[in-house]
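Engineer: My structure is stored as my_file.txt, with compact mmCIF, C-alpha atoms.
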```
# COMPACT_ATOMS: atom_id res chain seq x y z
CA MET A 1 -3.97 19.27 -25.84
CA GLY A 2 -0.59 20.60 -27.00
CA SER A 3 0.51 21.43 -23.45
CA ASP A 4 0.75 17.72 -22.55
CA MET A 5 4.00 17.33 -24.49
CA PRO A 6 7.48 17.75 -23.03
CA ALA A 7 9.18 21.03 -23.86
CA GLN A 8 12.09 19.29 -25.64
CA SER A 9 9.98 17.00 -27.86
CA VAL A 10 11.31 16.67 -31.42
CA LEU A 11 9.39 15.45 -34.44
CA TYR A 12 11.33 14.24 -37.48
CA MET A 13 9.22 14.28 -40.62
CA ARG A 14 9.70 13.26 -44.26
CA LEU A 15 6.83 13.98 -46.66
CA LYS A 16 5.75 11.35 -49.16
CA LYS A 17 5.76 12.33 -52.83
CA ARG A 18 2.28 11.12 -53.69
CA VAL A 19 -0.68 9.74 -51.75
CA HIS A 20 -3.88 8.18 -53.11
CA ILE A 21 -7.10 9.03 -51.33
CA LYS A 22 -10.83 8.65 -52.03
CA ALA A 23 -13.23 11.53 -52.55
CA GLY A 24 -14.39 12.92 -49.22
CA ASP A 25 -11.54 11.34 -47.24
CA THR A 26 -9.91 13.02 -44.28
CA VAL A 27 -6.13 13.25 -44.65
CA THR A 28 -3.96 12.91 -41.55
CA LEU A 29 -0.29 13.63 -41.03
CA GLY A 30 0.45 9.92 -40.77
CA MET A 31 -0.97 9.40 -44.27
CA THR A 32 1.21 12.08 -45.86
CA ALA A 33 4.54 11.68 -44.07
CA ARG A 34 6.91 9.29 -42.36
CA LEU A 35 7.28 10.35 -38.74
CA LEU A 36 9.88 9.71 -36.08
CA ALA A 37 9.45 10.75 -32.45
CA ASN A 38 8.84 9.09 -29.12
CA GLU A 39 5.94 6.66 -29.28
CA GLU A 40 3.29 8.82 -27.61
CA ILE A 41 4.03 11.88 -29.71
CA GLU A 42 4.26 9.88 -32.91
CA GLU A 43 0.80 8.36 -32.39
CA GLU A 44 -0.76 11.76 -31.70
CA MET A 45 0.95 13.35 -34.70
CA ALA A 46 -0.04 10.52 -37.03
CA ALA A 47 -3.69 11.14 -36.18
CA LEU A 48 -3.45 14.94 -36.67
CA GLU A 49 -5.95 16.07 -39.32
CA LEU A 50 -4.46 18.12 -42.16
CA TYR A 51 -7.14 18.26 -44.81
CA ARG A 52 -10.63 17.03 -45.71
CA HIS A 53 -11.38 16.60 -49.37
CA HIS A 54 -14.28 18.45 -51.00
CA THR A 55 -15.59 17.86 -54.51
CA ALA A 56 -14.78 21.43 -55.51
CA ASP A 57 -11.07 20.80 -54.83
CA GLY A 58 -10.78 18.50 -57.86
CA ASN A 59 -8.85 15.25 -58.13
CA ARG A 60 -5.40 16.66 -57.42
CA VAL A 61 -4.53 18.53 -54.25
CA VAL A 62 -1.13 19.74 -53.05
CA ILE A 63 -0.35 20.12 -49.35
CA ASP A 64 2.64 22.34 -48.71
CA LEU A 65 5.18 21.70 -45.95
CA LEU A 66 4.67 25.16 -44.46
CA GLN A 67 0.93 24.49 -44.31
CA ILE A 68 1.62 21.30 -42.36
CA ILE A 69 4.04 23.03 -39.99
CA ARG A 70 1.47 25.78 -39.36
CA ILE A 71 -1.15 23.19 -38.39
CA ILE A 72 1.28 21.38 -36.09
CA ARG A 73 2.41 24.63 -34.45
CA SER A 74 -1.18 25.70 -33.82
CA ARG A 75 -1.82 22.48 -31.88
CA TYR A 76 1.61 21.81 -30.38
CA PRO A 77 3.53 25.11 -30.09
CA ASP A 78 6.36 23.63 -27.98
CA ILE A 79 7.42 20.82 -30.31
CA ALA A 80 10.55 21.13 -32.46
CA ILE A 81 10.12 20.01 -36.07
CA GLU A 82 12.90 18.65 -38.27
CA THR A 83 11.89 18.11 -41.90
CA TYR A 84 13.55 16.20 -44.74
CA GLY A 85 12.74 15.43 -48.35
CA ASP A 86 10.17 17.05 -50.63
CA PRO A 87 8.47 20.32 -49.63
CA GLN A 88 5.04 19.24 -50.94
CA VAL A 89 2.92 16.10 -51.01
CA LEU A 90 0.57 15.44 -53.93
CA LEU A 91 -2.84 13.96 -53.13
CA MET A 92 -4.38 11.94 -55.97
CA VAL A 93 -8.13 11.68 -55.45
CA GLY A 94 -9.93 8.59 -56.74
CA GLU A 95 -9.51 4.86 -56.90
CA LYS A 96 -6.04 3.47 -57.49
CA GLU A 97 -5.31 2.33 -61.01
CA GLU A 98 -6.68 -1.11 -61.71
CA ARG A 99 -4.73 -3.83 -63.42
CA ALA A 100 -5.06 -3.86 -67.17
CA ARG A 101 -7.83 -6.11 -68.49
CA LEU A 102 -6.74 -9.12 -70.54
CA PRO A 103 -8.18 -7.97 -73.92
CA VAL A 104 -6.51 -4.57 -73.53
CA LEU A 105 -3.23 -6.22 -72.53
CA VAL A 106 -3.32 -8.61 -75.50
CA GLY A 107 -4.22 -5.79 -77.90
CA ALA A 108 -1.37 -3.62 -76.64
CA TRP A 109 1.05 -6.56 -76.82
CA LEU A 110 0.10 -7.31 -80.45
CA LEU A 111 0.35 -3.64 -81.40
CA LEU A 112 3.80 -3.31 -79.86
CA PHE A 113 4.98 -6.65 -81.28
CA PHE A 114 4.05 -5.93 -84.89
CA GLY A 115 4.98 -2.26 -84.59
CA ALA A 116 8.46 -3.14 -83.34
CA GLY A 117 8.83 -5.76 -86.09
CA LEU A 118 7.87 -3.27 -88.80
CA ALA A 119 10.26 -0.69 -87.33
CA ILE A 120 13.15 -3.17 -87.43
CA MET A 121 12.32 -4.23 -91.01
CA ASN A 122 12.05 -0.63 -92.17
CA PHE A 123 15.40 0.15 -90.55
CA HIS A 124 17.00 -2.83 -92.29
CA THR A 125 15.56 -1.68 -95.60
CA ASP A 126 16.86 1.87 -95.12
CA VAL A 127 20.42 0.69 -94.44
CA SER A 128 20.34 -2.10 -97.10
CA MET A 129 20.90 -4.77 -94.46
CA LYS A 130 20.14 -7.59 -96.94
CA GLU A 131 22.99 -6.49 -99.19
CA VAL A 132 25.28 -6.26 -96.17
CA HIS A 133 24.42 -9.84 -95.16
CA ILE A 134 24.96 -11.09 -98.70
CA ARG A 135 28.33 -9.34 -98.88
CA ILE A 136 29.44 -10.68 -95.47
CA ALA A 137 28.42 -14.22 -96.45
CA GLU A 138 30.30 -13.82 -99.75
CA LEU A 139 33.45 -12.72 -97.94
CA VAL A 140 33.26 -15.74 -95.61
CA THR A 141 32.30 -18.45 -98.13
CA GLY A 142 33.85 -17.06 -101.31
CA ARG A 143 30.62 -17.31 -103.29
CA ARG A 144 27.54 -15.10 -103.60
CA ASN A 145 24.24 -16.34 -102.17
CA GLU A 146 21.10 -14.20 -102.43
CA HIS A 147 19.62 -15.84 -99.30
CA PRO A 148 22.40 -16.67 -96.82
CA LEU A 149 20.04 -18.15 -94.22
CA TRP A 150 22.91 -19.65 -92.20
CA PHE A 151 23.87 -16.04 -91.40
CA GLN A 152 20.45 -14.32 -91.35
CA ILE A 153 18.71 -16.79 -89.01
CA PRO A 154 21.30 -16.49 -86.17
CA TYR A 155 21.31 -12.73 -86.72
CA SER A 156 17.50 -12.59 -86.25
CA ILE A 157 17.69 -14.76 -83.13
CA GLY A 158 20.45 -12.51 -81.82
CA ILE A 159 18.22 -9.45 -82.18
CA GLY A 160 15.57 -11.11 -79.98
CA LEU A 161 18.11 -12.17 -77.36
CA GLY A 162 19.62 -8.71 -77.41
CA MET A 163 16.22 -7.14 -76.72
CA LEU A 164 15.68 -9.53 -73.80
CA LEU A 165 19.04 -8.59 -72.30
CA PHE A 166 18.46 -4.89 -72.99
CA PHE A 167 15.09 -4.83 -71.22
CA ASN A 168 16.27 -7.28 -68.54
CA HIS A 169 12.93 -9.07 -68.54
CA LEU A 170 11.30 -12.29 -69.74
CA PHE A 171 7.60 -12.24 -68.78
CA LYS A 172 7.77 -11.98 -64.95
CA LYS A 173 11.37 -13.12 -64.65
CA ARG A 174 14.18 -10.60 -64.22
CA PHE A 175 17.75 -11.51 -65.01
CA ASN A 176 19.16 -9.19 -62.34
CA GLU A 177 18.05 -6.39 -60.01
CA GLU A 178 19.21 -3.57 -62.28
CA PRO A 179 16.30 -1.49 -63.66
CA ASN A 180 15.87 -1.66 -67.41
CA PRO A 181 15.77 1.47 -69.62
CA LEU A 182 11.98 1.34 -69.94
CA GLU A 183 11.52 1.33 -66.16
CA VAL A 184 13.92 4.25 -65.83
CA GLU A 185 12.05 6.24 -68.48
CA LEU A 186 8.69 5.49 -66.84
CA TYR A 187 10.11 6.59 -63.47
CA LEU A 188 11.45 9.85 -64.95
CA TYR A 189 8.14 10.45 -66.72
CA GLN A 190 6.19 9.97 -63.48
CA GLU A 191 8.60 12.26 -61.61
CA ASN A 192 8.17 14.95 -64.26
CA VAL A 193 4.38 14.60 -64.17
CA ASN A 194 4.37 14.90 -60.37
CA ALA A 195 6.65 17.94 -60.48
CA TYR A 196 4.47 19.63 -63.09
CA VAL A 197 1.23 18.94 -61.21
CA VAL A 198 2.70 20.22 -57.94
CA ALA A 199 4.04 23.38 -59.63
CA ASP A 200 0.71 23.97 -61.39
CA GLU A 201 -1.31 23.50 -58.21
CA MET A 202 1.00 25.82 -56.27
CA ARG A 203 0.68 28.44 -59.02
CA LYS A 204 -3.12 28.22 -58.79
CA LYS A 205 -2.98 28.61 -55.01
CA GLN A 206 -0.74 31.66 -55.31
CA GLY A 207 -3.10 33.14 -57.90
CA GLN A 208 -6.09 32.59 -55.61
CA HIS A 209 -4.16 34.14 -52.71
CA ARG A 210 -3.31 37.24 -54.76
CA SER A 211 -6.94 37.54 -55.88
CA THR A 212 -8.07 37.40 -52.26
CA LEU A 213 -5.61 40.08 -51.23
CA THR A 214 -6.62 42.29 -54.15
CA GLY A 215 -10.30 41.90 -53.27
CA ASP A 216 -9.64 42.81 -49.65
CA GLY A 217 -7.71 45.88 -50.72
CA ASP A 218 -10.51 47.08 -52.97
CA ASP A 219 -13.01 46.97 -50.13
```
Can you dump the structure from the file as structure tokens?
Structural biologist:
Amino acid sequence: MGSDMPAQSVLYMRLKKRVHIKAGDTVTLGMTARLLANEEIEEEMAALELYRHHTADGNRVVIDLLQIIRIIRSRYPDIAIETYGDPQVLLMVGEKEERARLPVLVGAWLLLFFGAGLAIMNFHTDVSMKEVHIRIAELVTGRRNEHPLWFQIPYSIGIGLGMLLFFNHLFKKRFNEEPNPLEVELYLYQENVNAYVVADEMRKKQGQHRSTLTGDGDD
């Protein structure tokens, strides 16, 4: 099968970071990587089987770049392979995450709303914000008022507007294409989780490999 390819065929390959599959699925090269080659080669490579999931493998599986290259070389020894990007692809086994249910979404929204409000009020209490407002109003008007609402109400509205601008979001509407700090933190968190899972899975594989070698040596 591999002898049908021209001697100078080149396959350019970039592994994906994470791929969702279902239990028992067969994983092909086209599912785990973006490929670039002439049309005939690309179609054959995309259909090349890399892995078939078994229940004993768990819900996270890492496929290493060298493992992929070894499989390609065994089938197509004459093809040149150029790789870019990450050296591993993480397979997440199971259904993709479903959208949050409405009761859960409302509950989380209320929790965050009142929690943020209490946090702001506690902060204002710690720094004596009421006294600051009274003093500022006294400096402007020349008389002391224990409840300078003309100053406190715009200040409160300004906090809300500032949060909208900070998070760059109002319901589904974005003010511009720049990611907000929460999205950046979620992205960094997901990247760190992926990196940890990949490192942990690779460590387990290396441990299993050493155990196999040790067992062979004892025999």
Engineer: Within 12 Å of Glu178 in chain A, counting all atoms listed in the file, which residues qualify if same-chain residues fewer than 5 places away don't, as a list in words?
Structural biologist: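 Counting all atoms listed in the file, the residues come to Leu165, Phe166, Phe167, Asn168, His169, Glu183 and Val184 of chain A.
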Engineer: Dump as number ranges by chain all residues having an atom at most 6 Å from (-1.7, 12.3, -41.4), computed in the file's coordinates with only C-alpha atoms.
Structural biologist: A: 27-32, 46-48
Engineer: Which distance in Å separates CA of Ile63 in chain A and CA of Glu43 in chain A, to one decimal?
Structural biologist: 20.7 Å
Engineer: Determine the nearest neighbour of Leu50 in chain A from the options A:His20, A:Arg174, A:Arg75, A:Lys204, counting all atoms listed in the file.
Structural biologist: A:Arg75
Engineer: Which of these, A:Ala116, A:Val10, A:Leu15, A:Ile71, has the shortest distance to Asn38 in chain A once you count only C-alpha atoms?
Structural biologist: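 Once distances to Asn38 in chain A are computed over only C-alpha atoms, the minimum belongs to A:Val10.
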Engineer: Taking all atoms listed in the file into account, name the residue in A:Leu35, A:Leu149, A:Leu182, A:Leu110 that is nearest to Ala137 in chain A.
Structural biologist: A:Leu149
Engineer: I'd like the contact shell of Val132 in chain A - 12 Å cut-off, all atoms listed in the file, skipping same-chain residues fewer than 2 positions apart - returned as a PDB file with C-alpha atoms, keeping the file's coordinate frame.
Structural biologist:
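Saved file selection-v1.pdb follows:
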```
ATOM      1  CA  HIS A 124      17.000  -2.830 -92.290  1.00  0.00           C
ATOM      2  CA  THR A 125      15.560  -1.680 -95.600  1.00  0.00           C
ATOM      3  CA  ASP A 126      16.860   1.870 -95.120  1.00  0.00           C
ATOM      4  CA  VAL A 127      20.420   0.690 -94.440  1.00  0.00           C
ATOM      5  CA  SER A 128      20.340  -2.100 -97.100  1.00  0.00           C
ATOM      6  CA  MET A 129      20.900  -4.770 -94.460  1.00  0.00           C
ATOM      7  CA  LYS A 130      20.140  -7.590 -96.940  1.00  0.00           C
ATOM      8  CA  ILE A 134      24.960 -11.090 -98.700  1.00  0.00           C
ATOM      9  CA  ARG A 135      28.330  -9.340 -98.880  1.00  0.00           C
ATOM     10  CA  ILE A 136      29.440 -10.680 -95.470  1.00  0.00           C
ATOM     11  CA  ALA A 137      28.420 -14.220 -96.450  1.00  0.00           C
ATOM     12  CA  GLU A 138      30.300 -13.820 -99.750  1.00  0.00           C
ATOM     13  CA  LEU A 139      33.450 -12.720 -97.940  1.00  0.00           C
ATOM     14  CA  ARG A 144      27.540 -15.100-103.600  1.00  0.00           C
ATOM     15  CA  ASN A 145      24.240 -16.340-102.170  1.00  0.00           C
ATOM     16  CA  GLU A 146      21.100 -14.200-102.430  1.00  0.00           C
ATOM     17  CA  HIS A 147      19.620 -15.840 -99.300  1.00  0.00           C
ATOM     18  CA  PRO A 148      22.400 -16.670 -96.820  1.00  0.00           C
ATOM     19  CA  PHE A 151      23.870 -16.040 -91.400  1.00  0.00           C
ATOM     20  CA  GLN A 152      20.450 -14.320 -91.350  1.00  0.00           C
TER      21      GLN A 152
END
```
Engineer: Figure out the distance between CA of Ile157 in chain A and CA of Ala108 in chain A, please, to one decimal in Å.
Structural biologist: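 Calculated distance between CA of Ala108 in chain A and CA of Ile157 in chain A is 23.0 Å.
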